[in-house]
file protein-v9.txt (compact mmCIF, C-alpha atoms)
# COMPACT_ATOMS: atom_id res chain seq x y z
CA MET A 1 -10.79 -12.76 1.10
CA ARG A 2 -8.77 -10.35 -1.07
CA HIS A 3 -5.02 -10.74 -1.00
CA LEU A 4 -2.65 -7.95 -0.15
CA LEU A 5 0.85 -6.15 -1.56
CA ALA A 6 1.58 -6.53 0.44
CA ILE A 7 0.91 -6.62 0.95
CA LEU A 8 1.13 -8.18 0.72
CA LEU A 9 1.61 -7.06 1.25
CA VAL A 10 2.75 -9.71 2.76
CA SER A 11 4.72 -9.73 6.24
CA LEU A 12 4.59 -10.04 9.28
CA ILE A 13 8.69 -12.13 22.22
CA ALA A 14 7.33 -13.25 25.32
CA LEU A 15 3.65 -13.93 24.58
CA LEU A 16 4.34 -15.55 21.19
CA GLY A 17 5.49 -19.10 20.48
CA LEU A 18 8.29 -19.57 17.93
CA SER A 19 7.97 -23.00 16.32
CA GLY A 20 9.37 -24.72 13.26
CA CYS A 21 11.91 -21.95 12.56
CA ASN A 22 15.41 -22.54 11.24
CA SER A 23 16.69 -19.39 12.95
CA LYS A 24 15.49 -16.60 15.16
CA PRO A 25 14.99 -13.25 13.41
CA ALA A 26 17.28 -10.39 14.37
CA PRO A 27 15.75 -8.11 17.03
CA THR A 28 16.25 -5.13 14.68
CA ASP A 29 14.58 -6.81 11.68
CA TYR A 30 11.15 -5.31 10.90
CA PHE A 31 10.48 -7.69 7.99
CA PRO A 32 11.99 -11.13 8.80
CA LEU A 33 12.51 -13.46 5.84
CA ASP A 34 13.90 -16.42 7.82
CA LYS A 35 12.67 -19.81 6.63
CA GLY A 36 9.97 -21.36 8.83
CA LEU A 37 8.62 -18.18 10.38
CA SER A 38 4.82 -18.04 10.39
CA TRP A 39 2.26 -15.34 11.25
CA LYS A 40 -1.45 -15.69 11.99
CA TYR A 41 -3.81 -12.70 11.79
CA GLN A 42 -7.38 -11.99 12.77
CA VAL A 43 -9.12 -10.21 9.86
CA THR A 44 -12.16 -7.94 10.26
CA ASP A 45 -14.02 -6.84 7.11
CA THR A 46 -16.69 -4.20 7.84
CA ALA A 47 -18.07 -4.22 4.29
CA LYS A 48 -18.91 -7.93 4.51
CA GLN A 49 -19.42 -7.72 8.29
CA GLU A 50 -17.20 -10.77 8.65
CA LYS A 51 -14.29 -11.93 10.80
CA GLY A 52 -11.79 -14.60 9.92
CA PHE A 53 -8.13 -15.64 10.09
CA TYR A 54 -5.23 -15.35 7.66
CA SER A 55 -1.86 -17.08 7.91
CA VAL A 56 1.49 -16.45 6.20
CA THR A 57 4.65 -18.62 6.25
CA ASN A 58 8.19 -18.23 4.90
CA VAL A 59 8.74 -21.55 3.10
CA GLY A 60 12.26 -21.08 1.69
CA THR A 61 14.12 -19.43 -1.18
CA THR A 62 14.30 -19.78 -4.95
CA GLN A 63 15.69 -17.92 -7.96
CA VAL A 64 13.37 -15.36 -9.59
CA ALA A 65 14.47 -12.93 -12.32
CA GLY A 66 18.10 -13.55 -11.44
CA GLU A 67 17.57 -12.80 -7.73
CA THR A 68 17.36 -15.02 -4.63
CA ALA A 69 13.80 -14.60 -3.40
CA THR A 70 12.08 -15.73 -0.21
CA ILE A 71 8.75 -17.45 -0.85
CA ARG A 72 6.06 -16.21 1.52
CA ARG A 73 2.97 -18.46 1.30
CA THR A 74 -0.56 -17.61 2.47
CA ASP A 75 -3.05 -20.15 3.76
CA ASP A 76 -5.07 -19.87 0.52
CA GLY A 77 -2.06 -21.11 -1.47
CA ARG A 78 -0.80 -17.84 -2.93
CA ASP A 79 2.97 -17.34 -3.02
CA TYR A 80 4.74 -13.97 -2.84
CA TYR A 81 8.41 -13.79 -3.90
CA LEU A 82 10.33 -11.25 -1.81
CA VAL A 83 13.87 -10.00 -2.41
CA LYS A 84 16.02 -8.12 0.08
CA LYS A 85 18.16 -5.50 -1.68
CA PRO A 86 20.44 -2.79 -0.23
CA ASP A 87 17.71 -0.14 -0.45
CA GLY A 88 14.66 -2.17 0.57
CA ILE A 89 12.45 -5.28 0.59
CA TYR A 90 10.80 -5.84 -2.81
CA ARG A 91 8.08 -8.08 -4.17
CA TYR A 92 9.29 -9.59 -7.45
CA ALA A 93 6.56 -12.08 -8.36
CA THR A 94 3.42 -13.95 -7.29
CA ARG A 95 1.98 -17.39 -7.95
CA THR A 96 -1.50 -18.82 -7.35
CA LEU A 97 -2.61 -22.44 -7.09
CA PHE A 98 -3.60 -22.29 -10.76
CA GLU A 99 -0.13 -21.26 -11.96
CA THR A 100 2.84 -23.62 -12.35
CA GLU A 101 5.44 -20.83 -12.42
CA PRO A 102 5.67 -17.44 -10.66
CA VAL A 103 4.34 -14.46 -12.58
CA ILE A 104 7.04 -11.78 -12.60
CA ASP A 105 5.91 -8.22 -11.74
CA GLU A 106 6.53 -5.67 -14.51
CA GLN A 107 8.48 -3.66 -11.94
CA PRO A 108 9.55 -4.89 -8.49
CA ARG A 109 7.28 -3.42 -5.80
CA MET A 110 8.92 -1.99 -2.69
CA VAL A 111 7.38 -3.25 0.55
CA LEU A 112 9.69 -1.49 3.02
CA PRO A 113 12.79 0.68 2.50
CA LEU A 114 16.22 -0.08 3.96
CA PRO A 115 17.73 0.78 6.30
CA PHE A 116 14.58 0.47 8.43
CA LEU A 117 15.67 3.26 10.77
CA GLY A 118 17.49 6.53 10.19
CA ASP A 119 17.15 10.05 8.88
CA ALA A 120 17.06 9.20 5.16
CA GLU A 121 13.89 9.94 3.20
CA ARG A 122 11.28 7.24 3.68
CA GLU A 123 8.82 7.75 0.84
CA TRP A 124 7.98 5.46 -2.08
CA SER A 125 5.14 4.45 -4.41
CA SER A 126 3.78 1.04 -5.32
CA LYS A 127 0.83 -0.57 -7.08
CA THR A 128 -1.98 -1.96 -4.96
CA VAL A 129 -5.57 -3.18 -5.32
CA SER A 130 -8.83 -2.50 -3.50
CA TYR A 131 -9.28 -4.71 -0.44
CA VAL A 132 -12.84 -3.78 0.43
CA ILE A 133 -14.93 -2.21 -2.35
CA ARG A 134 -17.37 -4.67 -3.88
CA ARG A 135 -20.62 -4.72 -5.85
CA SER A 136 -23.66 -4.50 -3.59
CA GLY A 137 -26.47 -3.99 -6.11
CA PRO A 138 -27.50 -4.35 -9.79
CA SER A 139 -25.77 -2.29 -12.45
CA THR A 140 -25.53 -1.70 -16.19
CA ILE A 141 -21.84 -0.74 -15.84
CA THR A 142 -19.67 -2.16 -18.62
CA THR A 143 -16.40 -3.95 -18.02
CA GLU A 144 -14.42 -0.80 -18.88
CA GLU A 145 -16.33 1.23 -16.31
CA ARG A 146 -15.55 -1.07 -13.39
CA PRO A 147 -12.84 -0.13 -10.86
CA PRO A 148 -9.29 -0.76 -12.12
CA GLN A 149 -7.58 -3.83 -10.68
CA GLU A 150 -4.52 -1.83 -9.67
CA PHE A 151 -3.72 1.77 -8.72
CA ILE A 152 -0.73 3.65 -7.29
CA MET A 153 -0.42 4.31 -3.57
CA ASN A 154 2.15 6.68 -2.04
CA TYR A 155 3.78 5.40 1.16
CA SER A 156 5.86 7.01 3.89
CA VAL A 157 7.29 6.00 7.27
CA VAL A 158 5.56 8.47 9.60
CA SER A 159 6.81 7.14 12.96
CA GLN A 160 9.56 4.89 14.31
CA ASN A 161 8.48 4.50 17.95
CA GLU A 162 4.83 3.39 17.96
CA THR A 163 3.35 1.12 20.64
CA VAL A 164 0.67 -1.27 19.37
CA MET A 165 -1.80 -3.52 21.20
CA VAL A 166 -3.11 -6.56 19.28
CA PRO A 167 -4.40 -10.00 20.39
CA ALA A 168 -0.80 -11.33 20.29
CA GLY A 169 0.30 -8.75 22.85
CA ARG A 170 1.90 -5.32 23.22
CA PHE A 171 4.67 -4.29 20.82
CA LYS A 172 6.97 -1.30 21.29
CA ASN A 173 9.22 0.69 18.95
CA CYS A 174 7.12 -0.17 15.89
CA LEU A 175 7.47 1.45 12.48
CA LEU A 176 4.25 3.08 11.28
CA VAL A 177 3.88 3.15 7.49
CA GLU A 178 1.06 5.21 6.00
CA GLY A 179 -0.18 4.84 2.44
CA LEU A 180 -2.45 7.35 0.67
CA ALA A 181 -4.12 7.11 -2.73
CA THR A 182 -7.12 8.32 -4.68
CA LEU A 183 -9.13 5.73 -6.61
CA THR A 184 -11.28 7.21 -9.40
CA MET A 185 -14.07 4.89 -10.48
CA PHE A 186 -17.49 4.89 -12.12
CA ALA A 187 -19.76 4.36 -9.13
CA ASP A 188 -23.15 4.05 -10.86
CA PRO A 189 -25.13 5.71 -13.73
CA LEU A 190 -26.70 8.26 -11.36
CA THR A 191 -23.54 9.29 -9.46
CA GLY A 192 -21.05 9.00 -12.31
CA PHE A 193 -17.34 9.07 -11.50
CA VAL A 194 -16.21 9.53 -7.89
CA ASP A 195 -12.81 10.00 -6.21
CA ILE A 196 -12.36 7.64 -3.27
CA PRO A 197 -9.64 8.45 -0.70
CA ILE A 198 -7.84 5.20 0.16
CA ARG A 199 -5.73 5.04 3.34
CA THR A 200 -3.54 2.25 4.67
CA ARG A 201 -1.71 2.18 8.03
CA GLU A 202 0.76 -0.63 8.75
CA TRP A 203 2.66 -1.27 12.01
CA TYR A 204 5.89 -3.33 11.93
CA ALA A 205 7.46 -4.57 15.17
CA PRO A 206 11.22 -5.24 15.49
CA GLY A 207 12.01 -8.96 15.43
CA VAL A 208 8.43 -9.79 14.38
CA GLY A 209 7.26 -7.93 11.26
CA LEU A 210 3.74 -6.81 10.47
CA VAL A 211 1.58 -6.79 13.63
CA LYS A 212 -1.33 -4.62 12.50
CA LEU A 213 -2.82 -3.23 9.29
CA GLU A 214 -5.77 -0.87 8.79
CA ARG A 215 -7.26 -0.14 5.37
CA SER A 216 -10.02 2.44 4.76
CA GLU A 217 -11.98 2.60 1.47
CA PRO A 218 -15.09 4.75 2.13
CA LEU A 219 -17.80 4.39 -0.52
CA LYS A 220 -21.56 3.88 -0.57
CA THR A 221 -23.60 4.02 -3.79
CA ARG A 222 -26.49 2.04 -5.24
CA VAL A 223 -24.02 -0.37 -6.84
CA TYR A 224 -20.80 -0.39 -4.78
CA LEU A 225 -20.07 -0.55 -1.06
CA GLY A 226 -16.77 0.23 0.64
CA GLY A 227 -15.68 0.04 4.25
CA SER A 228 -12.60 -0.88 6.25
CA TYR A 229 -10.27 -3.84 6.67
CA LEU A 230 -8.31 -4.70 9.82
CA PHE A 231 -5.43 -7.19 10.28
CA GLU A 232 -4.27 -7.94 13.84
CA LEU A 233 -1.56 -10.42 14.80
CA VAL A 234 -2.75 -13.31 16.98
CA GLY A 235 0.26 -15.65 16.72
CA PHE A 236 3.89 -15.73 15.56
call {"tool": "encode", "arguments": {"input": "protein-v9.txt", "output": "structure tokens"}}
result
Amino acid sequence: MRHLLAILLVSLIALLGLSGCNSKPAPTDYFPLDKGLSWKYQVTDTAKQEKGFYSVTNVGTTQVAGETATIRRTDDGRDYYLVKKPDGIYRYATRTLFETEPVIDEQPRMVLPLPFLGDAEREWSSKTVSYVIRRSGPSTITTEERPPQEFIMNYSVVSQNETVMVPAGRFKNCLLVEGLATLTMFADPLTGFVDIPIRTREWYAPGVGLVKLERSEPLKTRVYLGGSYLFELVGF
């Protein structure tokens, strides 16, 4: 299962159980970094025609690049290092099970701007990777002709009062963040290069965090297959 900037981009109440937490997140916090908070998501991948689960936990803080970062750990052992600054929440580094130290990002990647609400401009850009597109057939494509590992996506907060239904329940007053990008890649020797419109929609609930994520990567060639990716909160 491909990781997110998260997404990892990374984030995340009457129907939800709060366990093992050192403190309760503020009701106005759309991206809680409190130690002990944990989120569980149901993941639907239409390209693979699979369903599964994905969990994320805030395990504490550490120093990264001179900043105090919250470590957000996924159930496959990947750590994301998140820093809260006056203008937003940033990802500063990542670490996999095969790395002894965090790998610092060349530039910190904004996850959400601060303040979460208000009339200020809510647009930013960040690097991301394909969640869905994968090889589905034989190819003579060289390494250089394969899709790039990273590309730039442009984000904006398009709504501040969304209502979302997910398996964990009904959430009101959610932020809706939309990301748009164009991925140019060599699809196959017959088709040549194609432009793929990539779209991400993320819903953040106050006092909870990420409750739903949709990713669309439409593509169908002899070699590559795209599709959609859906995250839905099932427990917090």
call {"tool": "atom_distance", "arguments": {"input": "protein-v9.txt", "atom1": "CA of Asp79 in chain A", "atom2": "CA of Val64 in chain A"}}
result
12.5 Å
call {"tool": "closest_residue", "arguments": {"input": "protein-v9.txt", "among": "A:Val164, A:Asp45, A:Pro206, A:Val234", "to": "Ala26 in chain A", "atoms": "all atoms listed in the file"}}
result
A:Pro206
call {"tool": "residues_around", "arguments": {"input": "protein-v9.txt", "residues": "range 179-191 of chain A", "least_positions_apart": "6", "cutoff": "7 Å", "atoms": "only C-alpha atoms", "output": "PyMOL selection string"}}
result
chain A and resi 145-147+152-156+197-201+221-224
call {"tool": "closest_residue", "arguments": {"input": "protein-v9.txt", "among": "A:Ser159, A:Gln49, A:Gln107, A:Ser228", "to": "Ala65 in chain A", "atoms": "all atoms listed in the file"}}
result
A:Gln107
call {"tool": "atom_distance", "arguments": {"input": "protein-v9.txt", "atom1": "CA of Lys48 in chain A", "atom2": "CA of Tyr229 in chain A"}}
result
9.8 Å
